[in-house]
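S.K.: To be precise about what I am sending: the file is called target_30.cif and holds mmCIF, C-alpha atoms.
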```
data_work
loop_
_atom_site.label_atom_id
_atom_site.label_comp_id
_atom_site.auth_asym_id
_atom_site.auth_seq_id
_atom_site.Cartn_x
_atom_site.Cartn_y
_atom_site.Cartn_z
CA MET X 1 5.98 -150.94 -99.73
CA LEU X 2 8.91 -151.76 -97.48
CA ASP X 3 11.48 -149.13 -96.76
CA ASP X 4 14.96 -150.62 -96.99
CA GLN X 5 16.38 -148.09 -94.53
CA GLU X 6 13.84 -149.04 -91.88
CA ILE X 7 14.43 -152.77 -92.45
CA LYS X 8 18.17 -152.27 -92.18
CA ARG X 9 17.79 -150.33 -88.93
CA LEU X 10 15.71 -153.16 -87.46
CA LEU X 11 18.17 -155.83 -88.59
CA LEU X 12 21.08 -154.01 -87.01
CA ARG X 13 19.11 -153.46 -83.83
CA ALA X 14 18.29 -157.18 -83.64
CA ALA X 15 21.96 -157.95 -84.21
CA ALA X 16 22.91 -155.78 -81.24
CA ARG X 17 21.29 -158.37 -78.93
CA ASP X 18 20.51 -155.73 -76.37
CA GLU X 19 17.24 -155.21 -74.60
CA GLY X 20 15.66 -153.62 -77.68
CA ALA X 21 16.62 -156.55 -79.90
CA ALA X 22 13.48 -158.62 -79.46
CA GLU X 23 11.25 -155.64 -80.11
CA ALA X 24 13.16 -154.77 -83.30
CA PHE X 25 13.06 -158.37 -84.47
CA GLY X 26 9.34 -158.55 -83.75
CA ARG X 27 8.73 -155.44 -85.79
CA LEU X 28 10.92 -156.80 -88.58
CA TYR X 29 8.79 -159.92 -88.58
CA ARG X 30 5.53 -157.99 -88.62
CA LEU X 31 6.70 -155.93 -91.57
CA THR X 32 8.24 -158.66 -93.68
CA ALA X 33 6.87 -162.08 -92.69
CA ALA X 34 3.93 -161.92 -95.11
CA LEU X 35 6.28 -161.14 -97.96
CA VAL X 36 8.69 -163.92 -97.01
CA LEU X 37 5.78 -166.35 -96.69
CA GLY X 38 4.40 -165.30 -100.07
CA VAL X 39 7.74 -165.81 -101.78
CA ALA X 40 8.16 -169.19 -100.08
CA GLN X 41 4.65 -170.32 -100.87
CA ARG X 42 5.07 -169.72 -104.60
CA VAL X 43 8.23 -171.80 -104.58
CA VAL X 44 7.17 -174.70 -102.37
CA GLY X 45 3.49 -174.71 -103.36
CA ARG X 46 2.07 -175.88 -100.06
CA ARG X 47 1.07 -173.59 -97.25
CA GLU X 48 2.27 -175.68 -94.31
CA ILE X 49 5.67 -176.16 -95.90
CA ALA X 50 5.82 -172.45 -96.65
CA GLU X 51 5.25 -171.72 -92.94
CA GLU X 52 8.22 -173.99 -92.20
CA VAL X 53 10.31 -172.00 -94.65
CA LEU X 54 9.15 -168.78 -92.97
CA HIS X 55 10.17 -170.16 -89.58
CA ASP X 56 13.56 -171.38 -90.81
CA THR X 57 14.18 -168.10 -92.61
CA PHE X 58 13.64 -166.02 -89.49
CA VAL X 59 15.78 -168.36 -87.38
CA LYS X 60 18.52 -167.81 -89.93
CA ILE X 61 17.92 -164.05 -90.03
CA TRP X 62 18.12 -163.84 -86.23
CA ASN X 63 21.31 -165.88 -86.16
CA ALA X 64 22.87 -164.17 -89.15
CA ALA X 65 21.74 -160.62 -88.36
CA GLY X 66 25.21 -159.97 -86.97
CA SER X 67 26.79 -160.82 -90.29
CA PHE X 68 24.45 -158.59 -92.27
CA ASP X 69 26.69 -156.02 -93.86
CA PRO X 70 25.70 -152.57 -92.55
CA LEU X 71 26.87 -151.12 -95.85
CA ALA X 72 24.60 -153.35 -97.88
CA ASN X 73 21.63 -151.35 -99.02
CA GLN X 74 19.25 -154.11 -100.02
CA PRO X 75 18.21 -155.82 -96.78
CA VAL X 76 14.85 -156.96 -98.15
CA ALA X 77 16.61 -158.67 -101.04
CA TRP X 78 18.97 -160.29 -98.53
CA MET X 79 16.03 -161.66 -96.54
CA VAL X 80 14.19 -162.84 -99.64
CA ALA X 81 17.32 -164.61 -100.86
CA ILE X 82 17.54 -166.52 -97.56
CA ALA X 83 13.89 -167.56 -97.91
CA ARG X 84 14.31 -168.60 -101.55
CA ASN X 85 17.36 -170.69 -100.74
CA ARG X 86 15.58 -172.48 -97.93
CA ALA X 87 12.51 -173.04 -100.12
CA LEU X 88 14.63 -174.42 -102.95
CA ASP X 89 16.42 -176.76 -100.53
CA ILE X 90 13.08 -178.11 -99.41
CA VAL X 91 11.63 -178.68 -102.87
CA ALA X 92 14.87 -180.31 -103.96
CA SER X 93 14.64 -182.80 -101.12
CA ALA X 94 11.01 -183.72 -101.84
CA ASP X 95 10.51 -183.51 -105.54
CA HIS X 96 7.33 -185.54 -105.77
CA ALA X 97 3.93 -183.93 -106.20
CA ARG X 98 5.60 -180.77 -107.37
CA VAL X 99 4.13 -180.35 -110.81
CA GLU X 100 0.60 -180.52 -109.53
CA SER X 101 1.01 -177.75 -106.97
CA VAL X 102 2.98 -175.62 -109.40
CA THR X 103 0.26 -175.96 -112.01
CA ASP X 104 -2.22 -174.52 -109.52
CA LEU X 105 -0.06 -171.50 -109.09
CA THR X 106 0.38 -170.83 -112.75
CA THR X 107 -3.25 -169.69 -112.78
CA GLU X 108 -1.76 -166.47 -111.42
CA GLY X 109 -1.49 -165.36 -115.03
CA ASP X 110 0.93 -165.32 -117.92
CA SER X 111 4.50 -164.28 -117.35
CA ASP X 112 3.90 -160.59 -118.04
CA GLU X 113 1.01 -160.45 -115.61
CA VAL X 114 3.06 -162.23 -112.96
CA LEU X 115 5.96 -159.85 -113.44
CA ASP X 116 3.82 -156.75 -113.11
CA ARG X 117 1.64 -158.03 -110.32
CA PHE X 118 4.07 -159.79 -108.01
CA PHE X 119 7.09 -157.57 -108.46
CA ASP X 120 7.47 -153.91 -107.79
CA TRP X 121 9.17 -151.95 -110.55
CA SER X 122 8.16 -148.53 -109.33
CA GLU X 123 10.64 -145.74 -108.71
CA ASN X 124 10.26 -145.76 -104.94
CA ALA X 125 9.84 -149.52 -104.47
CA ALA X 126 12.64 -149.59 -101.89
CA GLY X 127 11.90 -146.32 -100.13
CA PRO X 128 13.04 -142.76 -100.67
CA ASP X 129 16.70 -143.32 -99.85
CA GLU X 130 17.48 -145.94 -102.42
CA ALA X 131 20.55 -145.29 -104.52
CA GLU X 132 19.88 -143.89 -107.94
CA ASP X 133 21.75 -146.69 -109.74
CA LEU X 134 19.55 -149.35 -108.13
CA ARG X 135 16.41 -147.53 -109.22
CA ARG X 136 17.70 -147.34 -112.75
CA THR X 137 18.80 -150.97 -112.77
CA ARG X 138 15.27 -152.01 -111.80
CA GLY X 139 13.92 -150.15 -114.83
CA PHE X 140 16.49 -151.81 -117.10
CA LEU X 141 15.60 -155.26 -115.79
CA ARG X 142 11.88 -154.82 -116.43
CA ARG X 143 12.46 -153.41 -119.87
CA CYS X 144 14.85 -156.22 -120.83
CA LEU X 145 12.50 -158.90 -119.50
CA GLY X 146 9.91 -157.41 -121.82
CA GLU X 147 12.29 -157.66 -124.74
CA LEU X 148 13.02 -161.37 -124.27
CA ALA X 149 11.36 -163.95 -126.49
CA ALA X 150 8.05 -164.90 -124.86
CA VAL X 151 9.14 -168.45 -124.13
CA GLU X 152 12.38 -167.30 -122.49
CA ARG X 153 10.50 -164.87 -120.30
CA GLN X 154 8.02 -167.61 -119.42
CA VAL X 155 10.64 -170.13 -118.31
CA LEU X 156 12.48 -167.54 -116.21
CA VAL X 157 9.24 -166.64 -114.43
CA LEU X 158 8.33 -170.29 -113.88
CA CYS X 159 11.75 -171.00 -112.41
CA TYR X 160 12.21 -167.87 -110.33
CA HIS X 161 8.68 -167.20 -109.16
CA HIS X 162 7.24 -170.73 -109.06
CA GLY X 163 10.43 -172.55 -108.12
CA MET X 164 10.34 -174.94 -111.07
CA SER X 165 13.36 -177.08 -111.76
CA HIS X 166 14.44 -178.04 -115.27
CA GLY X 167 12.51 -181.28 -114.79
CA ASP X 168 9.36 -179.44 -113.64
CA LEU X 169 9.62 -177.16 -116.65
CA ALA X 170 9.95 -180.04 -119.09
CA ALA X 171 6.89 -181.73 -117.59
CA HIS X 172 4.88 -178.54 -117.35
CA MET X 173 5.61 -177.46 -120.91
CA ALA X 174 5.71 -180.97 -122.37
CA LYS X 175 9.09 -180.34 -123.98
CA PRO X 176 12.34 -182.29 -123.88
CA LEU X 177 14.66 -181.49 -120.97
CA GLY X 178 17.40 -180.27 -123.32
CA THR X 179 15.05 -177.78 -124.92
CA VAL X 180 13.92 -176.18 -121.68
CA LYS X 181 17.50 -176.04 -120.39
CA THR X 182 18.47 -174.15 -123.51
CA TRP X 183 15.58 -171.71 -123.06
CA VAL X 184 16.61 -170.96 -119.50
CA ARG X 185 20.26 -170.53 -120.39
CA ARG X 186 19.54 -168.40 -123.41
CA GLY X 187 16.98 -166.36 -121.48
CA MET X 188 19.58 -165.52 -118.84
CA GLU X 189 22.23 -164.70 -121.44
CA ASN X 190 19.93 -162.44 -123.41
CA LEU X 191 18.71 -160.75 -120.26
CA ARG X 192 22.23 -160.08 -119.12
CA GLU X 193 23.33 -158.78 -122.48
CA CYS X 194 20.38 -156.40 -122.61
CA VAL X 195 20.75 -155.12 -119.03
CA GLU X 196 24.49 -154.61 -119.39
CA HIS X 197 23.95 -152.77 -122.63
CA CYS X 198 21.48 -150.46 -120.85
CA MET X 199 23.96 -149.87 -118.03
CA ASP X 200 26.80 -149.14 -120.35
CA PRO X 201 25.61 -148.29 -123.85
CA GLY X 202 29.19 -147.60 -125.00
CA GLY X 203 30.16 -151.19 -124.14
CA ALA X 204 33.52 -150.27 -122.61
CA VAL X 205 32.80 -152.24 -119.43
CA ARG X 206 31.07 -155.57 -119.30
CA GLY X 207 28.93 -156.45 -116.36
CA GLY X 208 30.61 -154.22 -113.83
CA ARG X 209 33.80 -156.23 -113.84
CA MET C 1 38.15 -176.65 -108.90
CA ARG C 2 38.12 -172.95 -108.26
CA LEU C 3 34.90 -171.48 -109.51
CA ALA C 4 36.18 -167.93 -109.58
CA ARG C 5 38.12 -168.73 -112.74
CA HIS C 6 35.32 -170.74 -114.27
CA ARG C 7 34.56 -169.39 -117.72
CA LEU C 8 30.90 -169.96 -117.08
CA LEU C 9 30.86 -168.18 -113.72
CA ASP C 10 28.15 -165.79 -114.89
CA ALA C 11 26.03 -168.62 -116.23
CA LEU C 12 26.39 -170.41 -112.88
CA CYS C 13 25.40 -167.28 -110.97
CA GLY C 14 22.36 -166.95 -113.21
CA GLU C 15 21.27 -170.57 -112.74
CA TYR C 16 21.84 -170.25 -108.99
CA LEU C 17 19.79 -167.10 -108.78
CA VAL C 18 16.92 -168.29 -110.94
CA GLY C 19 16.88 -171.51 -108.93
CA THR C 20 17.49 -174.14 -111.60
CA MET C 21 20.80 -175.11 -110.03
CA ARG C 22 19.77 -177.78 -107.55
CA GLY C 23 21.17 -180.51 -105.34
CA ARG C 24 24.89 -181.16 -105.38
CA PRO C 25 25.84 -178.46 -107.85
CA ARG C 26 24.01 -175.96 -105.64
CA ARG C 27 25.88 -177.22 -102.54
CA ARG C 28 29.17 -176.96 -104.42
CA PHE C 29 28.37 -173.44 -105.52
CA GLU C 30 27.49 -172.44 -101.96
CA ARG C 31 30.80 -173.82 -100.69
CA ALA C 32 32.58 -171.75 -103.32
CA LEU C 33 30.63 -168.68 -102.17
CA LYS C 34 32.13 -169.10 -98.71
CA ARG C 35 35.66 -169.80 -99.86
CA GLU C 36 36.09 -167.62 -102.89
CA PRO C 37 35.38 -163.94 -102.46
CA LEU C 38 35.35 -163.41 -106.23
CA VAL C 39 32.47 -165.84 -106.61
CA ALA C 40 30.58 -164.17 -103.76
CA ALA C 41 31.16 -160.75 -105.30
CA ARG C 42 29.96 -161.95 -108.67
CA LEU C 43 26.79 -163.46 -107.22
CA ALA C 44 26.21 -160.25 -105.24
CA TYR C 45 26.32 -158.37 -108.54
CA TRP C 46 23.78 -160.80 -110.00
CA GLN C 47 21.51 -160.46 -107.03
CA ARG C 48 21.70 -156.70 -107.03
CA THR C 49 20.96 -156.51 -110.72
CA TYR C 50 18.68 -159.42 -111.57
CA ALA C 51 16.63 -160.24 -108.47
CA PRO C 52 13.35 -158.33 -108.85
CA ARG C 53 11.76 -156.75 -105.81
CA PRO C 54 8.61 -158.56 -104.63
CA SER C 55 5.49 -156.39 -104.51
CA ASP C 56 2.80 -156.26 -101.84
CA GLN C 57 0.70 -158.60 -103.99
CA MET C 58 3.12 -161.33 -103.01
CA ARG C 59 2.07 -161.13 -99.36
CA VAL C 60 0.42 -164.07 -97.63
CA GLN C 61 -0.53 -163.54 -93.99
CA PRO C 62 1.35 -166.02 -91.77
CA ASP C 63 -0.18 -168.24 -89.12
CA PRO C 64 0.26 -166.55 -85.69
CA GLY C 65 1.69 -169.84 -84.37
CA THR C 66 4.83 -169.41 -86.46
CA TRP C 67 5.81 -166.26 -84.59
CA ARG C 68 5.03 -167.79 -81.20
CA ARG C 69 7.28 -170.73 -82.08
CA LEU C 70 10.09 -168.41 -83.10
CA GLU C 71 9.77 -166.36 -79.93
CA THR C 72 10.12 -169.46 -77.79
CA GLU C 73 12.82 -171.20 -79.79
CA LEU C 74 15.01 -168.12 -80.10
CA GLY C 75 14.49 -167.17 -76.44
CA LEU C 76 13.52 -163.65 -77.42
CA ALA C 77 12.20 -162.87 -73.93
CA GLN C 78 15.73 -162.29 -72.68
CA PHE C 79 16.23 -159.50 -75.23
CA LYS C 80 13.22 -157.54 -74.08
CA ARG C 81 13.27 -154.31 -72.19
CA PRO C 82 11.73 -154.92 -68.77
CA TRP C 83 8.10 -153.91 -68.97
CA TRP C 84 8.13 -151.17 -66.39
CA ARG C 85 10.89 -149.37 -68.28
CA ARG C 86 9.04 -149.96 -71.53
CA VAL C 87 5.97 -148.16 -70.25
CA GLY C 88 8.17 -145.43 -68.84
CA LEU C 89 6.56 -145.46 -65.43
CA TRP C 90 9.75 -145.63 -63.47
CA ARG C 91 11.91 -143.06 -65.08
CA LEU C 92 11.65 -140.77 -62.13
CA TRP C 93 12.11 -143.50 -59.66
CA ALA C 94 15.15 -144.90 -61.40
CA THR C 95 17.08 -141.72 -60.83
CA ALA C 96 15.88 -141.16 -57.31
CA ALA C 97 16.11 -144.76 -56.21
CA THR C 98 17.58 -145.20 -52.82
CA ALA C 99 17.81 -148.16 -50.59
CA ALA C 100 14.91 -146.77 -48.61
CA LEU C 101 12.65 -147.19 -51.60
CA VAL C 102 13.58 -150.74 -52.31
CA VAL C 103 11.00 -152.76 -50.52
CA MET C 104 11.17 -156.47 -50.46
CA VAL C 105 8.04 -158.08 -49.29
CA VAL C 106 7.21 -161.69 -49.42
CA VAL C 107 3.87 -162.39 -47.98
CA GLN C 108 2.61 -165.74 -47.07
CA VAL C 109 -0.80 -166.45 -48.32
CA GLN C 110 -2.94 -166.35 -45.24
CA GLN C 111 -6.35 -167.44 -44.32
CA PHE C 112 -8.98 -164.89 -43.75
CA GLU C 113 -9.99 -164.48 -40.18
CA GLY C 114 -13.71 -164.59 -40.21
CA PRO C 115 -16.03 -163.18 -42.82
CA LYS C 116 -15.12 -159.86 -44.34
CA GLN C 117 -16.95 -157.68 -46.76
CA LEU C 118 -15.03 -157.68 -50.05
CA VAL C 119 -15.57 -155.28 -52.91
CA GLU C 120 -14.35 -155.94 -56.43
CA VAL C 121 -11.72 -153.33 -57.21
CA ALA C 122 -9.89 -154.49 -60.31
CA ARG C 123 -10.01 -156.85 -63.23
CA LEU C 124 -6.68 -158.17 -64.35
CA GLY C 125 -6.20 -159.59 -67.76
CA THR C 126 -4.59 -159.60 -71.13
CA LYS C 127 -5.66 -158.07 -74.40
CA GLU C 128 -7.32 -161.33 -75.38
CA GLN C 129 -8.92 -161.94 -72.02
CA PRO C 130 -9.42 -158.65 -70.20
CA ALA C 131 -11.00 -160.09 -67.05
CA ALA C 132 -9.05 -163.30 -66.45
CA VAL C 133 -8.70 -162.54 -62.75
CA THR C 134 -10.81 -160.30 -60.52
CA ALA C 135 -9.37 -158.69 -57.41
CA SER C 136 -11.56 -157.83 -54.43
CA LEU C 137 -10.50 -155.85 -51.42
CA SER C 138 -11.84 -155.56 -47.91
CA ARG C 139 -13.01 -152.14 -46.73
CA ASP C 140 -9.95 -151.69 -44.52
CA HIS C 141 -7.63 -152.76 -47.38
CA GLN C 142 -6.31 -155.56 -45.21
CA PHE C 143 -7.49 -158.50 -47.28
CA LEU C 144 -7.29 -159.10 -50.97
CA GLU C 145 -8.91 -161.91 -52.85
CA LEU C 146 -7.99 -163.00 -56.36
CA ARG C 147 -10.42 -165.10 -58.33
CA ALA C 148 -9.46 -166.57 -61.66
CA ALA C 149 -12.06 -167.20 -64.37
CA ARG C 150 -10.36 -170.54 -64.95
CA PRO C 151 -7.67 -172.18 -62.80
CA ILE C 152 -4.23 -170.72 -63.44
CA GLU C 153 -1.36 -172.50 -61.71
CA ALA C 154 2.35 -171.78 -61.87
CA GLY C 155 4.70 -174.48 -63.15
CA PRO C 156 6.94 -176.33 -60.67
CA ALA C 157 9.88 -173.97 -61.16
CA GLN C 158 7.80 -170.82 -61.18
CA SER C 159 5.76 -168.58 -58.98
CA TYR C 160 3.40 -165.78 -59.78
CA GLU C 161 4.08 -162.51 -58.08
CA LEU C 162 1.46 -159.84 -57.54
CA TRP C 163 2.67 -156.26 -57.74
CA LEU C 164 1.13 -152.96 -56.84
CA ILE C 165 2.13 -149.97 -58.94
CA PRO C 166 1.17 -146.95 -56.83
CA LYS C 167 -0.88 -144.15 -58.33
CA GLU C 168 1.89 -141.64 -57.70
CA GLY C 169 4.43 -143.79 -59.51
CA GLY C 170 7.51 -145.43 -58.14
CA ALA C 171 8.78 -148.96 -58.08
CA PRO C 172 6.33 -151.85 -58.22
CA LEU C 173 5.65 -153.07 -54.70
CA SER C 174 5.49 -156.78 -54.13
CA ILE C 175 2.20 -157.79 -52.57
CA ALA C 176 2.38 -161.55 -52.66
CA VAL C 177 4.07 -164.58 -54.16
CA LEU C 178 1.52 -167.09 -55.36
CA GLY C 179 1.41 -170.61 -56.70
CA ARG C 180 -2.00 -170.10 -58.29
CA LEU C 181 -4.14 -167.17 -59.12
CA ASP C 182 -7.01 -168.09 -56.85
CA ALA C 183 -5.87 -166.72 -53.55
CA ARG C 184 -6.82 -164.87 -50.44
CA LEU C 185 -4.06 -162.87 -48.90
CA VAL C 186 -3.20 -160.20 -46.42
CA VAL C 187 -1.96 -156.97 -47.93
CA PRO C 188 1.34 -155.91 -46.31
CA GLU C 189 0.56 -153.21 -43.84
CA GLY C 190 2.75 -150.55 -45.41
CA HIS C 191 1.02 -150.93 -48.78
CA ARG C 192 -2.59 -150.83 -47.70
CA ALA C 193 -3.01 -147.09 -48.15
CA ARG C 194 -1.72 -147.39 -51.71
CA MET C 195 -4.40 -149.89 -52.66
CA ARG C 196 -6.64 -147.23 -54.11
CA ALA C 197 -8.12 -146.01 -57.36
CA GLY C 198 -5.47 -145.04 -59.89
CA ALA C 199 -3.00 -147.65 -58.74
CA THR C 200 -2.38 -150.74 -60.88
CA LEU C 201 -2.10 -154.40 -60.06
CA ALA C 202 0.12 -156.61 -62.16
CA ILE C 203 1.13 -160.26 -62.10
CA SER C 204 4.52 -161.40 -63.29
CA VAL C 205 6.01 -164.84 -63.70
CA GLU C 206 9.03 -165.30 -61.44
CA PRO C 207 11.34 -168.08 -60.34
CA ALA C 208 9.85 -170.30 -57.67
CA GLY C 209 9.67 -168.32 -54.44
CA GLY C 210 9.34 -164.96 -56.13
CA SER C 211 11.53 -162.33 -57.72
CA PRO C 212 15.14 -162.61 -56.52
CA THR C 213 15.66 -158.86 -56.90
CA GLY C 214 12.59 -157.34 -55.33
CA ALA C 215 11.50 -156.00 -58.70
CA PRO C 216 9.66 -157.90 -61.44
CA THR C 217 12.11 -159.93 -63.50
CA GLY C 218 9.86 -162.14 -65.60
CA PRO C 219 7.13 -161.44 -68.13
CA VAL C 220 4.07 -159.61 -66.90
CA ILE C 221 1.09 -161.75 -67.77
CA MET C 222 -1.75 -159.60 -66.48
CA VAL C 223 -2.43 -156.02 -65.62
CA GLY C 224 -5.46 -154.19 -64.28
CA ALA C 225 -6.21 -150.79 -62.79
CA ILE C 226 -7.81 -150.40 -59.39
CA GLU C 227 -11.06 -148.61 -60.00
CA THR C 228 -12.81 -148.12 -56.72
#
```
Starting from the file, lay out its structure as structure tokens.
M.R.:
Amino acid sequence: MLDDQEIKRLLLRAAARDEGAAEAFGRLYRLTAALVLGVAQRVVGRREIAEEVLHDTFVKIWNAAGSFDPLANQPVAWMVAIARNRALDIVASADHARVESVTDLTTEGDSDEVLDRFFDWSENAAGPDEAEDLRRTRGFLRRCLGELAAVERQVLVLCYHHGMSHGDLAAHMAKPLGTVKTWVRRGMENLRECVEHCMDPGGAVRGGR
Amino acid sequence: MRLARHRLLDALCGEYLVGTMRGRPRRRFERALKREPLVAARLAYWQRTYAPRPSDQMRVQPDPGTWRRLETELGLAQFKRPWWRRVGLWRLWATAATAALVVMVVVQVQQFEGPKQLVEVARLGTKEQPAAVTASLSRDHQFLELRAARPIEAGPAQSYELWLIPKEGGAPLSIAVLGRLDARLVVPEGHRARMRAGATLAISVEPAGGSPTGAPTGPVIMVGAIET
């Protein structure tokens, strides 16, 4: 388990660029690199490319640490988003041989198993100081993913966790492109509707706007 | 077109987050994130709400080479606390430092005069290789010999500098500036008495010719305690 407060402290220390910066950045790497690599590897499929993503991600984190918002309370999510973006850039630029490596990864289990194994839905997933609303939102998200139609849940997991594009999905599931696009879109819409309903059962506000 | 007013802004955020938005549309969306705060705020909401938190099962142990590459490329060495402050040895000295304590010694590597009885007193090394260099001292502490397990030579713009950290604490004392770690040298007269058990020898990498400040400035590559 990674404590968001600790990660944030290390990020801000690295951003200070003083004589403790390298030590803080080193500790940040030791704590989070395996997670970043794991996320990247599921998206890009190949280990050596995943190591490249890990490298690029930490270059970006070092350079962007100064622009990390000290008020933001999800530094791990911020780091993972950087890694995912880099990984997606890389798979988009080399689309060949994707389906094969993705198929290997789908032996990780069906979408429910993947969700419960590779994601942390527990109360204290982000450490003891996490805001109450974020804890609750995590519970809503897991519950609503469970309530989606199985195929919608499956495509969302394949896209998010395994980095599949619409084209990968169509090939992997042997369905027309239009069909899988609809599943993804509808999956997201249904997920959002469900989560927003949980957040605001009265329905006075939609989506925090 | 301004994306902030796009009626499908939420759908775009969702496709961006889940990763199905690729290529040019993704680039376009990222440009909008920079230019349009409303789009950035909306995506932040999506990320906060819909990005699940990876568990420890996700972890894959990285290749150690990746960190070494980062350290070099980002020049992390310059953001490190100097080692002698890190180990806290010089706290006392730092407050009491006076010019009298600052000793600058550059010793030429000298030939031994005649045979001398040398006794091994320290093994200098790293965590990976604890006895990379052995140090032997003559009975009268006048001569010191360093012998490296394998040849270790400084690059053209670098020198190695051998330091003595006295048992009683205080600033590292420069013993010699070296081009390679196989050397025979004369210990500066004032430091001979401090070459005793409990003191520590350390080798740092310095600019060619040795530390410009009289104190170690570069990374310390080897350390070993004097044990005799």
S.K.: Do you have, as JSON lines, the list of residues of chain X lying at most 7 Å from chain C, each with its nearest atom pair and that distance in Å to one decimal, counting all atoms listed in the file and ordered by chain then number?
M.R.:
```
{"residue": "X:Met1", "atom": "CA", "partner": "C:Asp56", "partner_atom": "CA", "distance": 6.5}
{"residue": "X:Arg17", "atom": "CA", "partner": "C:Phe79", "partner_atom": "CA", "distance": 6.4}
{"residue": "X:Asp18", "atom": "CA", "partner": "C:Phe79", "partner_atom": "CA", "distance": 5.8}
{"residue": "X:Glu19", "atom": "CA", "partner": "C:Phe79", "partner_atom": "CA", "distance": 4.5}
{"residue": "X:Gly20", "atom": "CA", "partner": "C:Lys80", "partner_atom": "CA", "distance": 5.9}
{"residue": "X:Ala21", "atom": "CA", "partner": "C:Phe79", "partner_atom": "CA", "distance": 5.5}
{"residue": "X:Ala22", "atom": "CA", "partner": "C:Phe79", "partner_atom": "CA", "distance": 5.1}
{"residue": "X:Glu23", "atom": "CA", "partner": "C:Lys80", "partner_atom": "CA", "distance": 6.6}
{"residue": "X:Ala33", "atom": "CA", "partner": "C:Pro62", "partner_atom": "CA", "distance": 6.8}
{"residue": "X:Ala34", "atom": "CA", "partner": "C:Arg59", "partner_atom": "CA", "distance": 4.7}
{"residue": "X:Leu35", "atom": "CA", "partner": "C:Arg59", "partner_atom": "CA", "distance": 4.4}
{"residue": "X:Leu37", "atom": "CA", "partner": "C:Val60", "partner_atom": "CA", "distance": 5.9}
{"residue": "X:Gly38", "atom": "CA", "partner": "C:Val60", "partner_atom": "CA", "distance": 4.8}
{"residue": "X:Val39", "atom": "CA", "partner": "C:Met58", "partner_atom": "CA", "distance": 6.6}
{"residue": "X:Glu51", "atom": "CA", "partner": "C:Thr66", "partner_atom": "CA", "distance": 6.9}
{"residue": "X:His55", "atom": "CA", "partner": "C:Thr66", "partner_atom": "CA", "distance": 6.2}
{"residue": "X:Ala92", "atom": "CA", "partner": "C:Gly23", "partner_atom": "CA", "distance": 6.5}
{"residue": "X:Arg117", "atom": "CA", "partner": "C:Gln57", "partner_atom": "CA", "distance": 6.4}
{"residue": "X:Phe118", "atom": "CA", "partner": "C:Ser55", "partner_atom": "CA", "distance": 5.1}
{"residue": "X:Phe119", "atom": "CA", "partner": "C:Pro54", "partner_atom": "CA", "distance": 4.2}
{"residue": "X:Asp120", "atom": "CA", "partner": "C:Ser55", "partner_atom": "CA", "distance": 4.6}
{"residue": "X:Thr137", "atom": "CA", "partner": "C:Thr49", "partner_atom": "CA", "distance": 6.3}
{"residue": "X:Leu141", "atom": "CA", "partner": "C:Tyr50", "partner_atom": "CA", "distance": 6.7}
{"residue": "X:Leu156", "atom": "CA", "partner": "C:Val18", "partner_atom": "CA", "distance": 6.9}
{"residue": "X:Cys159", "atom": "CA", "partner": "C:Val18", "partner_atom": "CA", "distance": 6.0}
{"residue": "X:Tyr160", "atom": "CA", "partner": "C:Val18", "partner_atom": "CA", "distance": 4.8}
{"residue": "X:Gly163", "atom": "CA", "partner": "C:Gly19", "partner_atom": "CA", "distance": 6.6}
{"residue": "X:Ser165", "atom": "CA", "partner": "C:Thr20", "partner_atom": "CA", "distance": 5.1}
{"residue": "X:His166", "atom": "CA", "partner": "C:Thr20", "partner_atom": "CA", "distance": 6.2}
{"residue": "X:Met188", "atom": "CA", "partner": "C:Gly14", "partner_atom": "CA", "distance": 6.4}
```
S.K.: For Gln154 in chain X, please output as a VMD selection string all residues within 9 Å (counting all atoms listed in the file; exclusion window: fewer than 6 positions along the same chain).
M.R.: chain X and resid 110 to 112
S.K.: Go through the shown structure with the PyMOL selection byres ((chain X and resi 66) around 9) and write out the matching residues as JSON, numbers by chain.
M.R.: {"X": [11, 12, 14, 15, 16, 61, 62, 63, 64, 65, 67, 68, 69]}
S.K.: For each of X:Val195, X:Val80, X:Val155, X:Leu145, take the minimum atom-to-atom distance to Thr32 in chain X, counting only C-alpha atoms, then give the residue where this is smallest.
M.R.: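 Looking only at the distances to Thr32 in chain X, the closest residue turns out to be X:Val80.
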S.K.: Excluding range 170-183 of chain X and its own-chain neighbours fewer than 3 positions away, which residues fall within 7 Å of it when counting only C-alpha atoms? Please give them as JSON, numbers by chain.
M.R.: {"X": [99, 152, 166, 167, 186, 187]}
S.K.: Please write the residues picked by the PyMOL selection byres ((chain X and resi 129-135) around 9) on this file as an mmCIF file with C-alpha atoms, in the frame of the given file.
M.R.:
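Output saved as part23.cif:
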```cif
data_model
loop_
_atom_site.group_PDB
_atom_site.id
_atom_site.type_symbol
_atom_site.label_atom_id
_atom_site.label_comp_id
_atom_site.auth_asym_id
_atom_site.auth_seq_id
_atom_site.Cartn_x
_atom_site.Cartn_y
_atom_site.Cartn_z
ATOM 1 C CA ASP X 3 11.480 -149.130 -96.760
ATOM 2 C CA ASP X 4 14.960 -150.620 -96.990
ATOM 3 C CA GLN X 5 16.380 -148.090 -94.530
ATOM 4 C CA ASN X 73 21.630 -151.350 -99.020
ATOM 5 C CA GLN X 74 19.250 -154.110 -100.020
ATOM 6 C CA TRP X 121 9.170 -151.950 -110.550
ATOM 7 C CA SER X 122 8.160 -148.530 -109.330
ATOM 8 C CA GLU X 123 10.640 -145.740 -108.710
ATOM 9 C CA ASN X 124 10.260 -145.760 -104.940
ATOM 10 C CA ALA X 125 9.840 -149.520 -104.470
ATOM 11 C CA ALA X 126 12.640 -149.590 -101.890
ATOM 12 C CA GLY X 127 11.900 -146.320 -100.130
ATOM 13 C CA PRO X 128 13.040 -142.760 -100.670
ATOM 14 C CA ARG X 136 17.700 -147.340 -112.750
ATOM 15 C CA THR X 137 18.800 -150.970 -112.770
ATOM 16 C CA ARG X 138 15.270 -152.010 -111.800
ATOM 17 C CA GLY X 139 13.920 -150.150 -114.830
ATOM 18 C CA PHE X 140 16.490 -151.810 -117.100
ATOM 19 C CA ARG C 48 21.700 -156.700 -107.030
ATOM 20 C CA THR C 49 20.960 -156.510 -110.720
#
```
